[in-house]
Amino acid sequence: MKLEELKNDIEAEKFLIEIGVLNIKEECPYCGSNEVYSIRRNHFKCKNCRREWSKYNGTIFKDIRIKP
Ligand SMILES: [Zn+2]
């Protein structure tokens, strides 16, 4: 990946967070605990209730299949 593409990707993500489409709050969506950690890219797990979720859960991206 070229640096230019990565930069655009980050800026696109920042924009989506700003307008509230993308939710990357590091807080458990199930119990509200902030004792969460990343288990892999874009996936988090709660230390309190031990549930897992994706960064894109609850957004428009959940149901979109990105084609190469
Ligand atoms: Zn939790």
# chains A, B, ... in the order shown; residues from 1 in each chain; ligands from 1
>>> residues_near_ligand(ligand="ligand 1", cutoff="8 Å", atoms="only C-alpha atoms and all ligand atoms", output="ChimeraX atom specification")
/A:27-36,45-51
>>> write_last_selection(atoms="C-alpha atoms", output="compact mmCIF listing (two decimals), in the first residue's frame")
# COMPACT_ATOMS: atom_id res chain seq x y z
CA GLU A 27 -16.09 0.98 25.84
CA CYS A 28 -18.13 -2.19 26.01
CA PRO A 29 -21.41 -1.82 24.08
CA TYR A 30 -22.97 -4.53 26.28
CA CYS A 31 -22.12 -3.53 29.87
CA GLY A 32 -20.56 -0.06 29.40
CA SER A 33 -17.24 -1.03 30.98
CA ASN A 34 -14.13 0.68 29.68
CA GLU A 35 -12.00 -2.31 30.62
CA VAL A 36 -11.68 -3.37 27.02
CA LYS A 45 -13.11 -7.79 24.03
CA CYS A 46 -14.51 -6.72 27.39
CA LYS A 47 -12.66 -7.75 30.54
CA ASN A 48 -15.81 -7.38 32.57
CA CYS A 49 -18.43 -9.41 30.66
CA ARG A 50 -15.99 -11.12 28.24
CA ARG A 51 -18.06 -10.34 25.16
>>> closest_residue(among="A:Ile19, A:Lys55, A:Asn8, A:Glu13", to="A:Ser38", atoms="only C-alpha atoms")
A:Lys55
>>> atom_distance(atom1="atom CA of A:Lys14", atom2="atom CA of A:Ile39")
21.8 Å
